[in-house]
$ cat structure.txt   # compact mmCIF, C-alpha atoms
# COMPACT_ATOMS: atom_id res chain seq x y z
CA MET A 1 132.64 -100.77 56.19
CA ILE A 2 131.94 -97.21 55.14
CA GLY A 3 128.81 -95.71 56.68
CA GLU A 4 126.44 -93.20 55.21
CA PRO A 5 127.88 -89.77 54.42
CA HIS A 6 127.20 -87.26 57.19
CA LYS A 7 127.59 -83.78 55.71
CA ARG A 8 124.45 -81.99 54.56
CA ILE A 9 123.99 -79.24 52.05
CA SER A 10 122.86 -75.80 53.21
CA PRO A 11 119.31 -75.46 54.59
CA MET A 12 119.01 -72.44 52.29
CA ALA A 13 118.80 -74.97 49.45
CA LEU A 14 115.16 -75.43 50.45
CA LYS A 15 114.39 -71.79 49.64
CA VAL A 16 116.24 -71.97 46.32
CA TRP A 17 114.53 -75.20 45.25
CA ARG A 18 111.15 -73.77 46.29
CA ILE A 19 111.79 -70.70 44.14
CA TYR A 20 112.60 -73.00 41.20
CA GLY A 21 109.34 -74.85 41.96
CA VAL A 22 107.40 -71.56 41.84
CA PHE A 23 108.90 -70.75 38.43
CA GLU A 24 107.96 -74.23 37.17
CA SER A 25 104.47 -73.76 38.62
CA PHE A 26 104.04 -70.59 36.53
CA ILE A 27 104.50 -72.71 33.41
CA VAL A 28 101.91 -75.24 34.61
CA ALA A 29 99.59 -72.34 35.53
CA ALA A 30 99.88 -70.98 31.99
CA LEU A 31 99.10 -74.41 30.53
CA SER A 32 96.15 -74.82 32.91
CA ALA A 33 94.83 -71.37 31.98
CA GLY A 34 95.14 -72.33 28.32
CA ALA A 35 93.12 -75.49 28.94
CA ILE A 36 90.45 -73.46 30.76
CA VAL A 37 90.26 -70.93 27.90
CA LEU A 38 89.99 -73.74 25.34
CA THR A 39 87.25 -75.35 27.42
CA VAL A 40 85.24 -72.13 27.33
CA ILE A 41 85.90 -71.45 23.62
CA PHE A 42 85.21 -74.96 22.34
CA ASP A 43 82.55 -75.86 24.89
CA TRP A 44 84.49 -78.84 26.25
CA PRO A 45 83.21 -80.72 29.30
CA GLN A 46 83.54 -78.90 32.63
CA TRP A 47 85.69 -81.65 34.12
CA VAL A 48 88.58 -80.33 31.98
CA ILE A 49 88.57 -77.13 34.08
CA ALA A 50 88.56 -79.14 37.31
CA ALA A 51 91.38 -81.35 35.99
CA ALA A 52 93.47 -78.33 34.95
CA VAL A 53 93.06 -76.67 38.36
CA GLY A 54 93.72 -79.97 40.15
CA ILE A 55 96.89 -80.62 38.15
CA PHE A 56 98.12 -77.10 38.90
CA ILE A 57 97.47 -77.46 42.65
CA LEU A 58 99.08 -80.91 42.81
CA PHE A 59 102.11 -79.83 40.76
CA THR A 60 102.60 -76.71 42.91
CA TYR A 61 102.38 -78.68 46.14
CA LEU A 62 104.82 -81.33 44.90
CA PHE A 63 107.43 -78.99 43.41
CA VAL A 64 107.25 -76.14 45.93
CA PHE A 65 106.76 -77.98 49.22
CA PHE A 66 107.07 -81.77 49.16
CA LEU A 67 109.95 -82.61 46.79
CA PRO A 68 112.40 -79.88 47.94
CA THR A 69 112.02 -81.03 51.56
CA ILE A 70 112.59 -84.69 50.72
CA LYS A 71 115.46 -83.83 48.37
CA TRP A 72 117.19 -81.77 51.07
CA LYS A 73 116.76 -84.51 53.68
CA ARG A 74 118.31 -87.13 51.38
CA TRP A 75 121.24 -85.10 50.02
CA ARG A 76 124.47 -85.96 51.83
CA TYR A 77 128.12 -85.93 50.92
CA GLU A 78 131.49 -86.81 52.41
CA VAL A 79 134.97 -85.99 51.16
CA ARG A 80 137.64 -88.46 52.23
CA GLU A 81 141.31 -88.75 51.32
CA GLN A 82 140.71 -91.43 48.68
CA GLU A 83 137.17 -90.71 47.52
CA ILE A 84 134.13 -88.46 47.46
CA GLU A 85 130.83 -90.04 48.43
CA LEU A 86 127.53 -88.55 47.28
CA GLN A 87 124.08 -89.67 48.39
CA ARG A 88 120.95 -88.30 46.78
CA GLY A 89 117.53 -89.29 45.54
CA ILE A 90 113.92 -88.81 46.45
CA PHE A 91 112.30 -92.21 46.09
CA ILE A 92 115.36 -94.18 45.00
CA VAL A 93 118.44 -93.26 47.02
CA LYS A 94 121.61 -93.31 44.93
CA ARG A 95 125.09 -93.45 46.48
CA THR A 96 128.11 -92.66 44.34
CA LEU A 97 131.81 -93.01 45.13
CA VAL A 98 134.15 -90.84 43.07
CA PRO A 99 137.79 -91.94 43.47
CA MET A 100 140.16 -88.98 43.97
CA VAL A 101 142.50 -90.36 41.30
CA ARG A 102 139.68 -89.90 38.74
CA VAL A 103 139.00 -86.25 39.57
CA GLN A 104 140.19 -84.02 36.72
CA HIS A 105 138.97 -80.64 37.91
CA VAL A 106 136.60 -79.04 40.40
CA ASP A 107 134.48 -75.93 39.80
CA THR A 108 132.03 -73.82 41.74
CA VAL A 109 128.92 -72.72 39.85
CA GLN A 110 126.56 -69.96 40.90
CA GLY A 111 123.45 -68.71 39.13
CA PRO A 112 121.53 -65.58 40.08
CA ILE A 113 119.25 -67.31 42.59
CA LEU A 114 122.10 -69.18 44.26
CA LYS A 115 124.09 -65.95 44.38
CA ARG A 116 121.19 -64.13 46.07
CA TYR A 117 121.28 -66.68 48.90
CA ARG A 118 125.12 -66.84 48.97
CA LEU A 119 125.21 -70.45 47.78
CA SER A 120 127.34 -72.29 45.23
CA THR A 121 127.23 -75.68 43.58
CA ILE A 122 130.43 -77.69 43.28
CA THR A 123 130.94 -79.66 40.06
CA ILE A 124 133.47 -82.48 40.12
CA SER A 125 134.59 -83.58 36.66
CA THR A 126 136.01 -86.98 35.85
CA ALA A 127 136.82 -88.40 32.42
CA ALA A 128 133.42 -90.09 32.26
CA THR A 129 130.99 -87.70 33.92
CA VAL A 130 130.32 -84.65 36.06
CA HIS A 131 129.10 -84.93 39.65
CA GLU A 132 127.54 -82.11 41.66
CA ILE A 133 127.20 -81.12 45.28
CA PRO A 134 124.43 -78.52 45.15
CA ALA A 135 123.69 -75.47 47.29
CA LEU A 136 126.62 -75.14 49.67
CA ASN A 137 127.45 -71.91 51.49
CA MET A 138 129.90 -69.94 49.33
CA GLU A 139 132.71 -70.12 51.89
CA GLU A 140 132.21 -73.84 52.44
CA ALA A 141 132.08 -74.44 48.68
CA ASP A 142 135.36 -72.57 48.12
CA GLU A 143 137.08 -74.48 50.93
CA LEU A 144 135.70 -77.79 49.67
CA ARG A 145 136.75 -77.04 46.08
CA ASN A 146 140.30 -76.28 47.23
CA SER A 147 140.39 -79.33 49.49
CA ILE A 148 139.21 -81.70 46.73
CA SER A 149 141.68 -80.16 44.32
CA GLN A 150 144.52 -80.68 46.78
CA LEU A 151 143.47 -84.26 47.58
CA ALA A 152 143.17 -85.04 43.85
CA ARG A 153 146.72 -83.75 43.29
CA VAL A 154 148.04 -85.88 46.14
CA ALA A 155 146.18 -88.94 44.85
CA GLU A 156 147.58 -88.30 41.35
CA ASP A 157 151.13 -88.03 42.72
CA ASP A 158 150.76 -91.36 44.55
CA VAL A 159 149.83 -93.23 41.35
$ encode --input "structure.txt" --output "structure tokens"
Amino acid sequence: MIGEPHKRISPMALKVWRIYGVFESFIVAALSAGAIVLTVIFDWPQWVIAAAVGIFILFTYLFVFFLPTIKWKRWRYEVREQEIELQRGIFIVKRTLVPMVRVQHVDTVQGPILKRYRLSTITISTAATVHEIPALNMEEADELRNSISQLARVAEDDV
């Protein structure tokens, strides 16, 4: 029986996901400010202001502190000779097995925030879908990409 995958993504993923949460919070802050302005202009009930501020505070807490921590704790992966196992999820934990014979190509992806923290995301493409291993150290991501590519070639040759 195959146990849970053991490898974790980089702890720096927490910083990156928190930065994304801050950017998302700016959008909610703008919407909350709009609701407050509309409340003043149209003389809406004062509870609308309290609700807008409450929603902003709750959203910021969830997306900057709570969810990134839980997401990082749940994210695991394992690369074996015959398969890649991914485990992720916040409230519902999802485990995926990707057979090596199905892997078509492997890429590393890096946006500006990931690049700032020297992280990369690996994308594993099959005929049906694309799977990701997010926020790995650049060196580890390059090694893993090459390793998966090599294992996929070997698995393809065996078929």
$ closest_residue --input "structure.txt" --among "A:Thr96, A:Gln46, A:Ser10, A:Ser25" --to "His131 in chain A" --atoms "all atoms listed in the file"
A:Thr96
$ atom_distance --input "structure.txt" --atom1 "CA of Asp107 in chain A" --atom2 "CA of Ile122 in chain A"
5.6 Å
$ residues_around --input "structure.txt" --residues "Ile133 in chain A" --least-positions-apart "2" --cutoff "8 Å" --atoms "all atoms listed in the file" --output "PyMOL selection string"
chain A and resi 9+77+86+121-123+131+135-136
$ axis_aligned_box --input "structure.txt" --around "range 76-90 of chain A" --padding-each-side "8 Å" --output "JSON"
{"center_x": 127.6, "center_y": -88.7, "center_z": 49.0, "size_x": 43.4, "size_y": 21.5, "size_z": 22.9}
$ residues_near_point --input "structure.txt" --point "(123.4, -68.1, 41.2)" --cutoff "12 Å" --atoms "all atoms listed in the file" --output "JSON, numbers by chain"
{"A": [13, 16, 20, 108, 109, 110, 111, 112, 113, 114, 115, 116, 117, 118, 119, 120, 121, 134, 135, 136, 137, 138]}
